[in-house]
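Visitor: One structure, pasted below without further comment.
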Amino acid sequence: MHFKAILFDLDGTLLDTLEDLSNAANCVLAGKGFPIHTPDTYRYFVGDGVTKLMNRALPEDSQDDDTIRACVQAFLEEYGRNWHVKTRPYDGVAEMLDALTENGLKMAVLSNKPDEFTKQCVAKFLPDWTLDMILGQNNSVPLKPDPAGAKEIVRYLNISPSNFIYLGDTAIDMKTAVAAGMFPVGALWGFRTGKELRENGAQALIKRPKEVLSLLNLVPLAKARSRGL
């Protein structure tokens with residue numbers, strides 16, 4: 001199989017955003033008198049957009065539309081102030097992106113994070129690489145696992161979906177890849193388990209970012225360039 005492009009999920013795949021996400025959600029919950037959760041618990045709350053995140057975080061008897069709507073708005077405000085405090089690229093991501101760039105692969109990002117935050121995170125934490133399209137949640141594109149966003153990226157890059165690797169860390173990502181006709185690869189350093197990824201369509205699982213290079217028959221660069229992140 002000849003791959004020409006790679007589509008990345010963002011949270012849990014390129015960037016470790018869990019602490020900033022969980023801190024923002026817990027701040028909202030505490031401010032409204034609801035119980036908070038451990039960061040590990042949020043591994044299973046995130047991935048399906050902000051509305052689902054707050055729905056899952058709220059007690060079952062408080063998941064009415066008005067409460068969820070108020071919590072979503074509060075989360076967007078809180079996260080908007082502190083989205084960059086603890087977030088960092090995962091170890092090995094920079095070297096992976098260097099090698100992919102050196103070998104001429106097209107790269108793009110598709111996230112269920114709101115579009116504004118998606119673009120902010122990429123600009124701040126991944127400024128040294130050309131990502132040909134960055135697409136987050138917006139009113140014109142349904143949330144993953146609907147493949148509409150992935151298909152929009154396919155059209156923009158004019159590359160067949162069968163020539164894409166899709167690298168993500170959740171069931172949502174694997175379902176999106178399958179629905180879009182891409183090759184699903186599960187990132188085991190992210191938010192979910194290998195079992196979940198396999199059960200939802202992963203054709204390969206990798207433990208470290210550089211392992212994606214072997215799927216492309218590439219080798220890591222001998223020396224990563226300086227970045228000063």
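For the structure tokens, the naming scheme is as follows: chains receive sequential letters (A, B, ...) according to their order of presentation, residues are indexed from 1 within each chain, and ligands are indexed from 1 in presentation order.
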Return as an MDAnalysis selection string the full set of residues in stretch 120-170 of chain A whose backbone-based DSSP assignment is strand (DSSP E or B).

Guide: chainID A and resid 133:138 141 164:168

Visitor: Any chance you could tabulate, as CSV, the residues of stretch 163-206 of chain A at most 8 Å from stretch 130-144 of chain A with each one's nearest atom pair and distance in Å to one decimal, using only C-alpha atoms, in chain and rising number order?

Guide:
residue,atom,partner,partner_atom,distance
A:Ile172,CA,A:Lys144,CA,6.3
A:Asp173,CA,A:Lys144,CA,7.2
A:Thr176,CA,A:Lys144,CA,6.0

Visitor: Could the residues in this selection be written to a file with N, CA and C atoms, as a PDB file, in the first residue's frame?

Guide:
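Contents of part-v3.pdb, freshly written:
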ATOM      1  N   ILE A 172     -13.535   6.749  18.280  1.00  0.00           N
ATOM      2  CA  ILE A 172     -14.071   7.731  17.348  1.00  0.00           C
ATOM      3  C   ILE A 172     -13.143   7.894  16.146  1.00  0.00           C
ATOM      4  N   ASP A 173     -11.843   7.958  16.404  1.00  0.00           N
ATOM      5  CA  ASP A 173     -10.885   8.114  15.317  1.00  0.00           C
ATOM      6  C   ASP A 173     -10.871   6.905  14.396  1.00  0.00           C
ATOM      7  N   THR A 176     -13.919   6.889  12.258  1.00  0.00           N
ATOM      8  CA  THR A 176     -13.822   7.920  11.236  1.00  0.00           C
ATOM      9  C   THR A 176     -12.953   7.443  10.076  1.00  0.00           C
TER      10      THR A 176
END

Visitor: Work out how far atom CA of A:Gly47 is from atom CA of A:Glu196, in Å to one decimal.

Guide: 13.4 Å

Visitor: Can you work out which one of A:Phe34, A:Phe3, A:Tyr44, A:Phe8 has the shortest atom-to-atom distance to A:Thr118, counting only C-alpha atoms?

Guide: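 Once distances to A:Thr118 are computed over only C-alpha atoms, the minimum belongs to A:Phe8.
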
Visitor: Write out as a VMD selection string each polymer residue whose atoms come within 9 Å of A:Ala94, counting only C-alpha atoms; drop sequence neighbours fewer than 4 positions from it.

Guide: chain A and resid 89 to 90 98 to 99 126 128 to 129 209 224 227

Visitor: Keeping C-alpha atoms for every residue in the selection just given, could you write it to a file as a PDB file, in the first residue's frame?

Guide:
ATOM      1  CA  PRO A  89       3.471  17.623  22.244  1.00  0.00           C
ATOM      2  CA  TYR A  90       4.027  13.975  23.136  1.00  0.00           C
ATOM      3  CA  ASP A  98      10.440  15.997  10.876  1.00  0.00           C
ATOM      4  CA  ALA A  99      10.771  12.662   9.101  1.00  0.00           C
ATOM      5  CA  LEU A 126       3.479  22.621  16.330  1.00  0.00           C
ATOM      6  CA  ASP A 128       7.717  24.224  12.826  1.00  0.00           C
ATOM      7  CA  TRP A 129       5.782  22.018  10.438  1.00  0.00           C
ATOM      8  CA  PRO A 209       5.145   8.148  17.251  1.00  0.00           C
ATOM      9  CA  ALA A 224      16.083  16.406  14.495  1.00  0.00           C
ATOM     10  CA  ARG A 227      13.019  24.048  17.529  1.00  0.00           C
TER      11      ARG A 227
END

Visitor: Could you pull out the residues in stretch 171-219 of chain A that DSSP calls helix (DSSP H, G or I) from the backbone, as a PDB file with C-alpha atoms, in the first residue's frame?

Guide:
ATOM      1  CA  ALA A 171     -12.678   4.566  18.944  1.00  0.00           C
ATOM      2  CA  ILE A 172     -14.071   7.731  17.348  1.00  0.00           C
ATOM      3  CA  ASP A 173     -10.885   8.114  15.317  1.00  0.00           C
ATOM      4  CA  MET A 174     -10.850   4.523  14.141  1.00  0.00           C
ATOM      5  CA  LYS A 175     -14.515   4.702  13.122  1.00  0.00           C
ATOM      6  CA  THR A 176     -13.822   7.920  11.236  1.00  0.00           C
ATOM      7  CA  ALA A 177     -10.912   6.362   9.381  1.00  0.00           C
ATOM      8  CA  VAL A 178     -12.952   3.305   8.399  1.00  0.00           C
ATOM      9  CA  ALA A 179     -15.898   5.412   7.238  1.00  0.00           C
ATOM     10  CA  ALA A 180     -13.594   7.657   5.193  1.00  0.00           C
ATOM     11  CA  GLY A 194      -5.453  -0.937  22.405  1.00  0.00           C
ATOM     12  CA  LYS A 195      -8.513  -3.133  22.910  1.00  0.00           C
ATOM     13  CA  GLU A 196     -10.847  -0.228  22.173  1.00  0.00           C
ATOM     14  CA  LEU A 197      -8.846   0.751  19.114  1.00  0.00           C
ATOM     15  CA  ARG A 198      -8.755  -2.782  17.704  1.00  0.00           C
ATOM     16  CA  GLU A 199     -12.463  -3.342  18.300  1.00  0.00           C
ATOM     17  CA  PRO A 209       5.145   8.148  17.251  1.00  0.00           C
ATOM     18  CA  LYS A 210       8.235   7.122  15.279  1.00  0.00           C
ATOM     19  CA  GLU A 211       6.715   3.674  14.672  1.00  0.00           C
ATOM     20  CA  VAL A 212       4.373   5.198  12.107  1.00  0.00           C
ATOM     21  CA  LEU A 213       7.444   5.621   9.915  1.00  0.00           C
ATOM     22  CA  SER A 214       7.819   1.861   9.528  1.00  0.00           C
ATOM     23  CA  LEU A 215       4.299   1.709   8.094  1.00  0.00           C
TER      24      LEU A 215
END

Visitor: Of the candidates A:Leu76, A:His84, A:His37, A:Gly49, which one gets nearest to A:Pro145 if we count only C-alpha atoms?

Guide: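 Using only C-alpha atoms, A:Pro145 sits closest to A:Gly49.
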
Visitor: Please provide as JSON, numbers by chain all residues within 8 Å of stretch 160-168 of chain A, with the sequence filter that same-chain residues fewer than 2 positions apart are discarded (counting only C-alpha atoms).

Guide: {"A": [1, 2, 3, 4, 5, 6, 7, 8, 9, 10, 12, 13, 151, 154, 158, 170, 173, 174, 177, 180, 181, 182, 183, 184, 185, 186, 187]}

Visitor: Measuring atom to atom with only C-alpha atoms, identify which of A:Ala57, A:Leu21, A:Cys27, A:Ala70 is nearest to A:Trp83.

Guide: A:Leu21

Visitor: Rounded to one decimal in Å, what is the spacing between atom CA of A:Arg69 and atom CA of A:Ala123?

Guide: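 Atom-to-atom, atom CA of A:Arg69 to atom CA of A:Ala123, that is 28.4 Å.
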
Visitor: Could you work out how far atom CA of A:Lys32 lies from atom CA of A:Asp48, giving the answer in Å with one decimal?

Guide: 22.6 Å

Visitor: Rank nothing, just name the residue among A:Leu14, A:Ala202, A:Ala74, A:Leu188 nearest to A:Met96, using only C-alpha atoms.

Guide: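 So, comparing all the options, the nearest one is A:Leu14.
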
Visitor: For A:Ala108, which residue among A:Glu95, A:Glu152, A:Ala204, A:Gln63 is the nearest when counting only C-alpha atoms?

Guide: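 Checking each of A:Glu95, A:Glu152, A:Ala204, A:Gln63 against A:Ala108, counting only C-alpha atoms, the winner is A:Glu152.
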
Visitor: Using only C-alpha atoms, pick whichever of A:Gly201, A:Gly33, A:Pro127, A:Pro114 has the shortest atom-to-atom distance to A:Cys71.

Guide: A:Gly33
